[in-house]
$ cat my_file01.cif   # mmCIF, C-alpha atoms
data_start
loop_
_atom_site.group_PDB
_atom_site.id
_atom_site.type_symbol
_atom_site.label_atom_id
_atom_site.label_comp_id
_atom_site.auth_asym_id
_atom_site.auth_seq_id
_atom_site.Cartn_x
_atom_site.Cartn_y
_atom_site.Cartn_z
ATOM 1 C CA MET A 147 -13.338 -0.572 -11.986
ATOM 2 C CA PRO A 148 -12.980 2.798 -13.708
ATOM 3 C CA ILE A 149 -12.448 4.628 -10.415
ATOM 4 C CA GLN A 150 -9.197 2.822 -9.792
ATOM 5 C CA ASN A 151 -7.916 3.425 -13.324
ATOM 6 C CA SER A 152 -8.759 7.105 -13.461
ATOM 7 C CA ALA A 153 -7.213 7.575 -10.012
ATOM 8 C CA TYR A 154 -4.017 5.915 -11.217
ATOM 9 C CA ALA A 155 -3.883 8.079 -14.331
ATOM 10 C CA ALA A 156 -4.652 11.232 -12.355
ATOM 11 C CA PHE A 157 -1.917 10.431 -9.846
ATOM 12 C CA ALA A 158 0.545 9.597 -12.606
ATOM 13 C CA THR A 159 -0.093 13.048 -14.100
ATOM 14 C CA LEU A 160 0.339 14.756 -10.713
ATOM 15 C CA LEU A 161 3.547 12.874 -9.948
ATOM 16 C CA ALA A 162 5.046 13.479 -13.386
ATOM 17 C CA GLY A 163 6.381 16.824 -12.196
ATOM 18 C CA SER A 164 8.045 15.629 -8.997
ATOM 19 C CA ALA A 165 11.813 15.592 -8.449
ATOM 20 C CA GLN A 166 12.033 11.779 -8.365
ATOM 21 C CA SER A 167 10.192 9.553 -10.759
ATOM 22 C CA VAL A 168 7.580 7.874 -8.576
ATOM 23 C CA SER A 169 4.636 5.756 -9.676
ATOM 24 C CA PRO A 170 1.207 5.981 -8.047
ATOM 25 C CA ALA A 171 1.670 2.312 -7.107
ATOM 26 C CA GLU A 172 4.817 3.156 -5.116
ATOM 27 C CA LEU A 173 3.068 5.994 -3.340
ATOM 28 C CA HIS A 174 0.031 3.881 -2.452
ATOM 29 C CA GLY A 175 2.242 0.964 -1.339
ATOM 30 C CA LEU A 176 4.215 3.253 0.962
ATOM 31 C CA LEU A 177 1.053 4.743 2.455
ATOM 32 C CA LEU A 178 -0.590 1.381 2.987
ATOM 33 C CA GLY A 179 2.581 -0.179 4.403
ATOM 34 C CA ARG A 180 3.040 2.532 7.011
ATOM 35 C CA SER A 181 -0.687 2.543 7.808
ATOM 36 C CA CYS A 182 -0.768 -1.242 8.281
ATOM 37 C CA ALA A 183 2.273 -1.036 10.557
ATOM 38 C CA GLY A 184 0.428 1.349 12.848
ATOM 39 C CA ALA A 185 1.537 4.813 11.680
ATOM 40 C CA GLY A 186 -1.922 6.185 12.357
ATOM 41 C CA PHE A 187 -3.628 8.656 10.053
ATOM 42 C CA ASP A 188 -2.167 12.039 11.003
ATOM 43 C CA VAL A 189 -1.638 14.007 7.831
ATOM 44 C CA GLU A 190 1.733 15.628 8.559
ATOM 45 C CA PRO A 191 3.854 12.484 9.106
ATOM 46 C CA TRP A 192 2.375 10.999 5.915
ATOM 47 C CA LEU A 193 3.217 14.143 3.939
ATOM 48 C CA VAL A 194 6.776 14.017 5.320
ATOM 49 C CA ASP A 195 7.199 10.387 4.209
ATOM 50 C CA ALA A 196 5.616 11.168 0.830
ATOM 51 C CA ALA A 197 7.937 14.174 0.379
ATOM 52 C CA GLU A 198 10.900 11.908 1.020
ATOM 53 C CA LEU A 199 9.714 9.497 -1.665
ATOM 54 C CA LEU A 200 8.987 12.354 -4.095
ATOM 55 C CA GLY A 201 12.273 14.107 -3.391
ATOM 56 C CA GLU A 202 10.508 17.376 -2.524
ATOM 57 C CA PRO A 203 7.606 18.681 -0.445
ATOM 58 C CA PRO A 204 4.344 18.165 -2.368
ATOM 59 C CA GLN A 205 2.805 21.252 -3.949
ATOM 60 C CA ASP A 206 -0.845 22.177 -3.387
ATOM 61 C CA SER A 207 -2.615 19.878 -5.832
ATOM 62 C CA THR A 208 -0.345 16.937 -5.043
ATOM 63 C CA ARG A 209 -0.680 17.658 -1.335
ATOM 64 C CA GLN A 210 -4.481 17.573 -1.593
ATOM 65 C CA ALA A 211 -4.326 14.345 -3.590
ATOM 66 C CA LEU A 212 -2.036 12.751 -0.979
ATOM 67 C CA ILE A 213 -4.423 13.741 1.800
ATOM 68 C CA GLY A 214 -7.332 12.331 -0.226
ATOM 69 C CA LEU A 215 -5.444 9.100 -0.816
ATOM 70 C CA GLN A 216 -4.816 8.777 2.904
ATOM 71 C CA GLU A 217 -8.491 9.381 3.663
ATOM 72 C CA MET A 218 -9.380 6.630 1.200
ATOM 73 C CA VAL A 219 -6.919 4.197 2.802
ATOM 74 C CA LYS A 220 -8.123 5.125 6.287
ATOM 75 C CA GLY A 221 -11.701 4.427 5.183
ATOM 76 C CA GLU A 222 -10.742 1.063 3.690
ATOM 77 C CA LEU A 223 -8.698 -0.061 6.674
ATOM 78 C CA SER A 224 -11.188 1.037 9.292
ATOM 79 C CA GLY A 225 -14.323 0.206 7.314
ATOM 80 C CA ASP A 226 -16.274 -3.021 7.140
ATOM 81 C CA ASP A 227 -15.098 -4.018 3.678
ATOM 82 C CA ILE A 228 -12.480 -6.687 3.755
ATOM 83 C CA ALA A 229 -10.612 -5.625 0.664
ATOM 84 C CA ILE A 230 -8.414 -2.758 -0.420
ATOM 85 C CA VAL A 231 -8.488 -1.033 -3.785
ATOM 86 C CA LEU A 232 -4.948 -1.093 -5.148
ATOM 87 C CA LEU A 233 -3.734 1.946 -7.040
ATOM 88 C CA LEU A 234 -2.476 0.143 -10.162
ATOM 89 C CA PRO A 235 -2.669 0.665 -13.938
ATOM 90 C CA SER A 236 -5.938 -0.293 -15.625
ATOM 91 C CA ASP A 237 -6.561 -3.804 -16.899
ATOM 92 C CA ASP A 238 -6.108 -2.678 -20.487
ATOM 93 C CA ALA A 239 -2.499 -1.630 -19.818
ATOM 94 C CA PRO A 240 0.084 -4.192 -20.979
ATOM 95 C CA LEU A 241 0.654 -6.959 -18.423
ATOM 96 C CA SER A 242 4.337 -6.024 -18.195
ATOM 97 C CA GLU A 243 3.390 -2.498 -17.095
ATOM 98 C CA ARG A 244 0.869 -3.785 -14.555
ATOM 99 C CA ALA A 245 3.338 -6.371 -13.208
ATOM 100 C CA LEU A 246 6.008 -3.683 -12.834
ATOM 101 C CA ALA A 247 3.588 -1.474 -10.896
ATOM 102 C CA LEU A 248 2.593 -4.455 -8.735
ATOM 103 C CA GLY A 249 6.254 -5.062 -7.899
ATOM 104 C CA GLN A 250 6.763 -1.378 -7.075
ATOM 105 C CA TRP A 251 3.658 -1.434 -4.892
ATOM 106 C CA CYS A 252 4.966 -4.433 -2.892
ATOM 107 C CA GLN A 253 8.445 -2.928 -2.565
ATOM 108 C CA SER A 254 7.059 0.363 -1.274
ATOM 109 C CA PHE A 255 4.624 -1.404 1.035
ATOM 110 C CA LEU A 256 7.556 -3.237 2.618
ATOM 111 C CA THR A 257 9.485 0.040 2.920
ATOM 112 C CA GLY A 258 6.576 1.841 4.565
ATOM 113 C CA PHE A 259 5.873 -1.092 6.837
ATOM 114 C CA GLY A 260 9.519 -1.445 7.851
ATOM 115 C CA LEU A 261 9.963 2.276 8.538
ATOM 116 C CA THR A 262 6.998 2.234 10.891
ATOM 117 C CA ALA A 263 7.088 -1.221 12.475
ATOM 118 C CA GLY A 264 10.839 -1.217 13.092
ATOM 119 C CA ASP A 265 11.872 -4.468 14.728
ATOM 120 C CA ARG A 266 8.558 -5.193 16.405
ATOM 121 C CA ALA A 267 7.887 -8.888 16.946
ATOM 122 C CA LEU A 268 5.274 -10.194 14.511
ATOM 123 C CA SER A 269 3.144 -13.327 14.399
ATOM 124 C CA SER A 270 4.169 -16.084 12.001
ATOM 125 C CA GLU A 271 1.174 -15.169 9.784
ATOM 126 C CA ALA A 272 2.341 -11.562 9.558
ATOM 127 C CA VAL A 273 5.913 -12.624 8.775
ATOM 128 C CA GLU A 274 4.545 -14.907 6.055
ATOM 129 C CA VAL A 275 2.582 -12.038 4.477
ATOM 130 C CA LEU A 276 5.722 -9.869 4.442
ATOM 131 C CA GLN A 277 7.712 -12.703 2.864
ATOM 132 C CA ASP A 278 4.979 -13.133 0.249
ATOM 133 C CA LEU A 279 5.134 -9.406 -0.548
ATOM 134 C CA ALA A 280 8.911 -9.608 -0.890
ATOM 135 C CA ALA A 281 8.536 -12.562 -3.265
ATOM 136 C CA ILE A 282 5.830 -10.790 -5.286
ATOM 137 C CA ALA A 283 8.048 -7.708 -5.558
ATOM 138 C CA GLN A 284 10.576 -9.896 -7.410
ATOM 139 C CA VAL A 285 8.051 -11.557 -9.723
ATOM 140 C CA GLN A 286 7.396 -8.669 -12.098
ATOM 141 C CA ASP A 287 9.720 -9.936 -14.845
ATOM 142 C CA SER A 288 8.370 -13.478 -14.883
ATOM 143 C CA LEU A 289 4.775 -12.652 -15.849
ATOM 144 C CA GLU A 290 4.261 -13.050 -19.585
ATOM 145 C CA GLU A 291 1.529 -11.711 -21.811
ATOM 146 C CA SER A 292 -0.611 -14.866 -21.822
ATOM 147 C CA GLU A 293 -3.727 -16.339 -20.289
ATOM 148 C CA ASP A 294 -1.593 -17.826 -17.508
ATOM 149 C CA GLY A 295 0.214 -14.544 -16.939
ATOM 150 C CA GLU A 296 -3.130 -12.748 -16.683
ATOM 151 C CA SER A 297 -4.574 -15.253 -14.243
ATOM 152 C CA ASP A 298 -1.399 -15.203 -12.108
ATOM 153 C CA TYR A 299 -1.592 -11.413 -12.028
ATOM 154 C CA MET A 300 -5.260 -11.517 -10.997
ATOM 155 C CA GLU A 301 -4.550 -14.056 -8.249
ATOM 156 C CA VAL A 302 -1.756 -11.906 -6.856
ATOM 157 C CA MET A 303 -3.996 -8.828 -6.983
ATOM 158 C CA GLU A 304 -6.736 -10.635 -5.057
ATOM 159 C CA TYR A 305 -4.205 -11.701 -2.438
ATOM 160 C CA LEU A 306 -2.854 -8.154 -2.103
ATOM 161 C CA ARG A 307 -6.341 -6.738 -1.627
ATOM 162 C CA VAL A 308 -6.715 -8.807 1.548
ATOM 163 C CA ALA A 309 -3.242 -9.651 2.918
ATOM 164 C CA PRO A 310 -2.414 -6.135 4.203
ATOM 165 C CA LEU A 311 -5.536 -6.242 6.375
ATOM 166 C CA LEU A 312 -3.979 -9.047 8.426
ATOM 167 C CA LEU A 313 -0.968 -6.831 9.103
ATOM 168 C CA PHE A 314 -3.193 -3.870 9.913
ATOM 169 C CA THR A 315 -5.260 -5.962 12.324
ATOM 170 C CA GLU A 316 -2.137 -7.192 14.060
ATOM 171 C CA CYS A 317 -0.006 -4.059 14.139
ATOM 172 C CA ALA A 318 -2.348 -1.105 14.088
ATOM 173 C CA LYS A 319 -5.149 -2.196 16.352
ATOM 174 C CA PRO A 320 -5.437 -0.036 19.455
ATOM 175 C CA VAL A 321 -3.444 -1.284 22.398
ATOM 176 C CA PRO A 322 -5.726 -2.125 25.329
ATOM 177 C CA PRO A 323 -5.012 -0.089 28.459
ATOM 178 C CA ALA A 324 -2.787 -1.801 31.007
ATOM 179 C CA PRO A 325 -4.755 -3.267 33.913
ATOM 180 C CA LYS A 326 -4.603 -1.097 36.986
ATOM 181 C CA PRO A 327 -2.521 -2.691 39.720
ATOM 182 C CA SER A 328 -4.681 -4.028 42.532
ATOM 183 C CA LEU A 329 -4.088 -2.692 46.004
ATOM 184 C CA HIS A 330 -4.073 -5.964 47.964
#

$ encode --input "my_file01.cif" --output "structure tokens"
Amino acid sequence: MPIQNSAYAAFATLLAGSAQSVSPAELHGLLLGRSCAGAGFDVEPWLVDAAELLGEPPQDSTRQALIGLQEMVKGELSGDDIAIVLLLPSDDAPLSERALALGQWCQSFLTGFGLTAGDRALSSEAVEVLQDLAAIAQVQDSLEESEDGESDYMEVMEYLRVAPLLLFTECAKPVPPAPKPSLH
């Protein structure tokens, strides 16, 4: 998947100059978390949240990249595909680096989701997904460079490409209009 890798590298380069050190995985996790919690896809609120993460308002090229990233996420969440492309380091990066990014992604997803969802009541499935993400966020140090470590990483990635969609379906779907009161 060269698209994913080059996007990660391009974002890493863009973010290198920001006030806080932020990985592309953190940025994507935050965006996806808030989107799945029902933040909608207005550009300004996303740029405000991104600026908070970056420690400064994004400059032109970063701003355009953030808007592009949001368009991509919007397309994935509202499209017919049932998987999300995660913004993570390429498969030839060391497993430790990929696992770290995966943990950052989960952490930021939870942050973005929490900021947007607040204390909304969630189904048991949704709560389970959030607990899984919290557990995965902690796992980054336990993956070793080995066949098992690789396959664990791949399994987690597959799960993360689908799990957020459950949250999006539950939290971000349009609310049906209230029935009009009858005049009996």

$ closest_residue --input "my_file01.cif" --among "A:Ala267, A:Val273, A:Val285, A:Leu223" --to "Cys182 of chain A" --atoms "only C-alpha atoms"
A:Leu223

$ closest_residue --input "my_file01.cif" --among "A:Leu199, A:Ala318, A:Leu306, A:Ala165" --to "Gly258 of chain A" --atoms "only C-alpha atoms"
A:Leu199

$ closest_residue --input "my_file01.cif" --among "A:Leu311, A:Ala156, A:Cys317, A:Leu246" --to "Val231 of chain A" --atoms "all atoms listed in the file"
A:Leu311

$ resolve_selection --input "my_file01.cif" --expression "the PyMOL selection byres ((chain A and resi 220) around 10)" --output "PyMOL selection string"
chain A and resi 177-178+181-182+186-187+214-219+221-225

$ closest_residue --input "my_file01.cif" --among "A:Ala247, A:Val308, A:Ile230, A:Leu261" --to "Pro170 of chain A" --atoms "all atoms listed in the file"
A:Ala247

$ residues_around --input "my_file01.cif" --residues "Ser270 of chain A" --least-positions-apart "4" --cutoff "12 Å" --atoms "all atoms listed in the file" --output "PyMOL selection string"
chain A and resi 274-277+312-313+316

$ write_last_selection --input "my_file01.cif" --atoms "C-alpha atoms" --output "short mmCIF file (atom, residue, chain, number, x, y, z; two decimals), in the frame of the given file"
data_model
loop_
_atom_site.label_atom_id
_atom_site.label_comp_id
_atom_site.auth_asym_id
_atom_site.auth_seq_id
_atom_site.Cartn_x
_atom_site.Cartn_y
_atom_site.Cartn_z
CA GLU A 274 4.54 -14.91 6.06
CA VAL A 275 2.58 -12.04 4.48
CA LEU A 276 5.72 -9.87 4.44
CA GLN A 277 7.71 -12.70 2.86
CA LEU A 312 -3.98 -9.05 8.43
CA LEU A 313 -0.97 -6.83 9.10
CA GLU A 316 -2.14 -7.19 14.06
#

$ atom_distance --input "my_file01.cif" --atom1 "atom CA of Leu160 of chain A" --atom2 "atom CA of Thr208 of chain A"
6.1 Å

$ atom_distance --input "my_file01.cif" --atom1 "atom CA of Asp298 of chain A" --atom2 "atom CA of Gln250 of chain A"
16.8 Å

$ closest_residue --input "my_file01.cif" --among "A:Ala229, A:Met303, A:Leu200, A:Leu289" --to "Gln166 of chain A" --atoms "only C-alpha atoms"
A:Leu200

$ decode --input "my_file01.cif" --residues "segment 152-176 of chain A" --atoms "N, CA, C and O atoms" --output "CSV table (one decimal), in the first residue's frame"
chain,number,residue,atom,x,y,z
A,152,SER,N,3.5,6.7,1.7
A,152,SER,CA,4.0,8.0,1.3
A,152,SER,C,3.2,9.1,2.0
A,152,SER,O,3.7,10.2,2.3
A,153,ALA,N,1.9,8.9,2.3
A,153,ALA,CA,1.1,9.9,3.0
A,153,ALA,C,1.7,10.0,4.4
A,153,ALA,O,1.8,11.2,4.9
A,154,TYR,N,2.1,9.0,5.0
A,154,TYR,CA,2.6,9.0,6.4
A,154,TYR,C,3.9,9.8,6.4
A,154,TYR,O,4.1,10.8,7.2
A,155,ALA,N,4.8,9.5,5.4
A,155,ALA,CA,6.1,10.2,5.3
A,155,ALA,C,5.9,11.7,5.0
A,155,ALA,O,6.5,12.6,5.6
A,156,ALA,N,4.9,12.0,4.1
A,156,ALA,CA,4.6,13.4,3.8
A,156,ALA,C,4.1,14.2,5.0
A,156,ALA,O,4.5,15.3,5.2
A,157,PHE,N,3.2,13.5,5.7
A,157,PHE,CA,2.7,14.2,6.9
A,157,PHE,C,3.8,14.4,8.0
A,157,PHE,O,3.8,15.4,8.6
A,158,ALA,N,4.6,13.4,8.1
A,158,ALA,CA,5.7,13.5,9.1
A,158,ALA,C,6.6,14.7,8.8
A,158,ALA,O,7.0,15.4,9.7
A,159,THR,N,6.9,14.9,7.5
A,159,THR,CA,7.7,16.0,7.1
A,159,THR,C,7.0,17.3,7.4
A,159,THR,O,7.6,18.3,7.9
A,160,LEU,N,5.7,17.4,7.1
A,160,LEU,CA,4.9,18.6,7.3
A,160,LEU,C,4.9,18.9,8.8
A,160,LEU,O,5.0,20.1,9.2
A,161,LEU,N,4.7,17.9,9.6
A,161,LEU,CA,4.5,18.1,11.1
A,161,LEU,C,5.8,18.3,11.8
A,161,LEU,O,5.8,18.8,12.9
A,162,ALA,N,6.9,18.1,11.1
A,162,ALA,CA,8.2,18.2,11.8
A,162,ALA,C,8.4,19.6,12.3
A,162,ALA,O,9.1,19.9,13.2
A,163,GLY,N,7.8,20.6,11.6
A,163,GLY,CA,8.1,22.0,12.0
A,163,GLY,C,7.1,22.5,13.0
A,163,GLY,O,7.2,23.7,13.4
A,164,SER,N,6.1,21.7,13.5
A,164,SER,CA,5.1,22.3,14.4
A,164,SER,C,5.7,22.4,15.8
A,164,SER,O,6.7,21.8,16.2
A,165,ALA,N,5.0,23.2,16.6
A,165,ALA,CA,5.4,23.6,18.0
A,165,ALA,C,5.5,22.3,18.8
A,165,ALA,O,6.5,22.2,19.6
A,166,GLN,N,4.6,21.4,18.7
A,166,GLN,CA,4.6,20.2,19.5
A,166,GLN,C,5.1,19.0,18.6
A,166,GLN,O,4.8,19.1,17.4
A,167,SER,N,5.7,18.0,19.2
A,167,SER,CA,6.1,16.9,18.3
A,167,SER,C,4.8,16.0,18.2
A,167,SER,O,4.4,15.5,19.2
A,168,VAL,N,4.3,15.9,17.0
A,168,VAL,CA,3.1,15.2,16.8
A,168,VAL,C,3.3,14.2,15.6
A,168,VAL,O,3.9,14.6,14.6
A,169,SER,N,2.9,13.0,15.8
A,169,SER,CA,3.0,12.0,14.7
A,169,SER,C,1.8,12.0,13.8
A,169,SER,O,0.7,12.4,14.3
A,170,PRO,N,1.9,11.7,12.5
A,170,PRO,CA,0.8,11.6,11.6
A,170,PRO,C,-0.3,10.6,12.2
A,170,PRO,O,-1.5,10.9,12.1
A,171,ALA,N,0.2,9.6,12.9
A,171,ALA,CA,-0.8,8.6,13.5
A,171,ALA,C,-1.6,9.3,14.6
A,171,ALA,O,-2.9,9.1,14.6
A,172,GLU,N,-1.0,10.2,15.4
A,172,GLU,CA,-1.8,10.9,16.4
A,172,GLU,C,-2.8,11.8,15.7
A,172,GLU,O,-4.0,11.9,16.2
A,173,LEU,N,-2.4,12.5,14.7
A,173,LEU,CA,-3.3,13.4,14.0
A,173,LEU,C,-4.5,12.7,13.4
A,173,LEU,O,-5.7,13.1,13.5
A,174,HIS,N,-4.2,11.6,12.7
A,174,HIS,CA,-5.3,10.8,12.1
A,174,HIS,C,-6.2,10.2,13.1
A,174,HIS,O,-7.4,10.1,12.9
A,175,GLY,N,-5.6,9.7,14.2
A,175,GLY,CA,-6.4,9.1,15.3
A,175,GLY,C,-7.4,10.1,15.9
A,175,GLY,O,-8.6,9.8,16.1
A,176,LEU,N,-6.9,11.3,16.1
A,176,LEU,CA,-7.7,12.4,16.6
A,176,LEU,C,-8.9,12.7,15.7
A,176,LEU,O,-10.0,12.8,16.1
